Amino acid sequence: MTATIPFIDLKSQHALIGPAVNLAIAQVLEHGHYINGPEIEVLESKLAEFCNIEHVVSCSSGTDALFLALMALEIGPGDAVLVPAFTFAATAETVVLTGATPLFLDVDADTFNVVADAVEAGARAAAELGLKPRAIIPVDLFGQPANYPAISEVARHLGLAIIADAAQSFGGSWHGRRVGSLADITVTSFFPAKPLGCYGDGGAVLTKSLVVDGVLRSLREHGKGTSKYQNVRRGINGRLDTIQAAILLAKLPIFEDELLSRQRVADRYTANVPEIIRPQHIDKKVASAWAQYTVVLGDREQVREKLQAAGVPTRIYYPIPLHMLDAYRSFPRSTPVLPVSEHLAQNVLSLPMHPYLEEATQDRIIDLLR
Ligand SMILES: *Cc1c(COP(=O)(O)O)cnc(C)c1O
């Protein structure tokens, strides 16, 4: 019996940045500005620089980032928002919270992302139901940016706004352009297990638009106007904690190296997994942030059990597509069946993936797969 390896190794990371994180937290305890402290603004400008985007509005989670973005676009009852069926629930949940209707699209069998071809049929299905198609939320599944240039072309033609759900892809890029600068509005998450994680909940909304930036800053503080108690719209308590901003600032210096390490781990899997296992296909123009390394295989449960018995943890993201979940099955979809999402849900398996996965450990995982 060998020791169990971690699925995501935050302990090795903390060993590396522990002193910097401790110092960053101590500084916040010293100045005591736990809400809207100076670290918030510093983080927002560093993230903007990192992504080469004009505005970054930090917030309390990836879920709240989605909700804030939808609210900023004034999406609500009578509107439809197109979302993939193969994603985390938050993508559709936040649409429902605005009073709008999520309409589920199928995804591509190779990239696992929504493709431009699906958008027009989705918008048509929404219109047939008497809903106004307002936006699409492509999800950068497992770290791979969706094909934004192609989706943008269709979306512009149909008058749809694009909100990129980049909760898993922060640090990824399209033809050298970083995630964050690829859509009208991009949302991301700093949940600990995401590529750039804090030590609790956190998120951000990124945009080129100064107007949207202003609205988001108001919405994340109860719709404040020029002063805190002069509310000009209805919003939420959606701020990022200063301590989390300080932790993210301490983590940023190693983030690029971590992305390179993730790429190295992914390349080693791709070159060595047996042929009957099909890894997520990554578009040539794209750099994934590798939140997950996910494969499609026929005998998932058997493989999973064998790996587990050998101390290798795996995960299933996601076992049930959203349109088949009790909470979402009543919402419309572009076609009655979404075959790819349903197939993937039954056949995907995510393997251990993090920047600190050593070659010897990874080779053990690959040997077991063989
Ligand atoms: C994690 C995740 C979210 C939500 O982020 P939180 O910070 O956990 O609220 C939204 N969408 C996708 C695709 C995610 O993976």
# chains A, B, ... in the order shown; residues from 1 in each chain; ligands from 1
>>> closest_atom_pairs(of="segment 221-312 of chain A", to="segment 54-71 of chain A", cutoff="12 Å", atoms="only C-alpha atoms", output="CSV")
residue,atom,partner,partner_atom,distance
A:Glu221,CA,A:Cys59,CA,9.8
A:His222,CA,A:Leu68,CA,11.0
A:Gly223,CA,A:Met71,CA,10.6
A:Arg233,CA,A:Met71,CA,10.2
A:Arg234,CA,A:Met71,CA,9.3
A:Gly235,CA,A:Leu68,CA,8.1
A:Ile236,CA,A:Leu68,CA,8.3
A:Asn237,CA,A:Ser60,CA,8.2
A:Gly238,CA,A:Ser60,CA,5.0
A:Arg239,CA,A:Cys59,CA,4.4
A:Leu240,CA,A:Cys59,CA,4.4
A:Asp241,CA,A:Ser60,CA,7.3
A:Thr242,CA,A:Ser58,CA,10.3
A:Ile243,CA,A:Ser60,CA,11.9
A:Gln244,CA,A:Ser60,CA,9.5
A:Ala245,CA,A:Ser58,CA,8.6
A:Leu248,CA,A:Ser58,CA,11.2
>>> residues_near_ligand(ligand="ligand 1", cutoff="10 Å", atoms="only C-alpha atoms and all ligand atoms", output="PyMOL selection string")
chain A and resi 59-67+84+86-94+137-143+164-169+187-194+197-198+200-204+291+317
>>> residues_around(residues="Thr226 of chain A", least_positions_apart="6", cutoff="12 Å", atoms="only C-alpha atoms", output="JSON, numbers by chain")
{"A": [214, 215, 217, 218, 232, 233]}
>>> residues_around(residues="segment 180-183 of chain A", least_positions_apart="6", cutoff="8 Å", atoms="only C-alpha atoms", output="list in words")
Cys51, Asn52, Ile53, Tyr148, Pro149, Ser152, Ile162, Ile163, Ala164, Ala166, Phe170, Trp174, Leu206, Thr207 and Lys208 of chain A
>>> select_by_dssp(residues="segment 159-254 of chain A", states="strand (DSSP E or B)", output="list in words")
Ala161, Ile162, Ile163, Ala164, Asp165, Ser173, Trp174, Arg177, Arg178, Ile185, Thr186, Val187, Thr188, Ser189, Gly203, Ala204, Val205, Leu206, Thr207, Glu221, Lys224, Asn231, Asn237 and Asp241 of chain A
>>> closest_residue(among="A:Ala266, A:Ala271, A:Ile151, A:Ile320", to="Val115 of chain A", atoms="only C-alpha atoms")
A:Ile151
>>> closest_atom_pairs(of="segment 280-314 of chain A", to="segment 342-366 of chain A", cutoff="10 Å", atoms="only C-alpha atoms", output="Markdown table")
| residue | atom | partner | partner_atom | distance |
| --- | --- | --- | --- | --- |
| A:Gln280 | CA | A:Val348 | CA | 9.3 |
| A:Trp290 | CA | A:Met353 | CA | 7.6 |
| A:Ala291 | CA | A:Met353 | CA | 7.4 |
| A:Gln292 | CA | A:Met353 | CA | 6.0 |
| A:Tyr293 | CA | A:Ser350 | CA | 5.5 |
| A:Thr294 | CA | A:Ser350 | CA | 4.1 |
| A:Val295 | CA | A:Leu349 | CA | 5.4 |
| A:Val296 | CA | A:Val348 | CA | 4.5 |
| A:Leu297 | CA | A:Asn347 | CA | 5.6 |
| A:Gly298 | CA | A:Asn347 | CA | 6.2 |
| A:Asp299 | CA | A:Asn347 | CA | 7.7 |
| A:Arg300 | CA | A:Asn347 | CA | 6.1 |
| A:Glu301 | CA | A:Asn347 | CA | 9.0 |
| A:Val303 | CA | A:Leu349 | CA | 9.3 |
| A:Arg304 | CA | A:Leu349 | CA | 8.0 |
| A:Leu307 | CA | A:Ile365 | CA | 7.6 |
| A:Ala310 | CA | A:Ile365 | CA | 9.0 |
| A:Gly311 | CA | A:Ile365 | CA | 9.4 |
| A:Val312 | CA | A:Ile365 | CA | 6.9 |
| A:Pro313 | CA | A:Pro352 | CA | 6.8 |
| A:Thr314 | CA | A:Leu351 | CA | 5.1 |
>>> closest_residue(among="A:Tyr269, A:Tyr229, A:Tyr318, A:Phe50", to="Gly171 of chain A", atoms="only C-alpha atoms")
A:Phe50
>>> residues_around(residues="segment 103-114 of chain A", least_positions_apart="4", cutoff="6 Å", atoms="only C-alpha atoms", output="JSON, numbers by chain")
{"A": [81, 82, 83, 84, 85, 146, 280, 281, 332, 333, 334, 338, 340, 341]}
>>> select_by_dssp(residues="segment 56-295 of chain A", states="alpha helix (DSSP H)", output="number ranges by chain")
A: 62-72, 90-97, 117-128, 148-158, 210-219, 242-272
>>> closest_residue(among="A:Arg178, A:Leu97, A:Ala289, A:Glu120", to="Glu153 of chain A", atoms="only C-alpha atoms")
A:Glu120
>>> atom_distance(atom1="atom CA of Ile5 of chain A", atom2="atom CA of Gln144 of chain A")
24.9 Å
>>> residues_around(residues="segment 31-33 of chain A", least_positions_apart="3", cutoff="12 Å", atoms="only C-alpha atoms", output="list of chain:residue names")
A:Ala24, A:Ile25, A:Ala26, A:Gln27, A:Val28, A:Asn36, A:Gly37, A:Pro38, A:Glu39, A:Ile40, A:Asp241, A:Thr242, A:Ile243, A:Ala245, A:Ala246
>>> atom_distance(atom1="atom CA of Thr335 of chain A", atom2="atom CA of Leu129 of chain A")
12.9 Å
>>> atom_distance(atom1="atom CA of Lys306 of chain A", atom2="atom CA of Thr4 of chain A")
12.9 Å
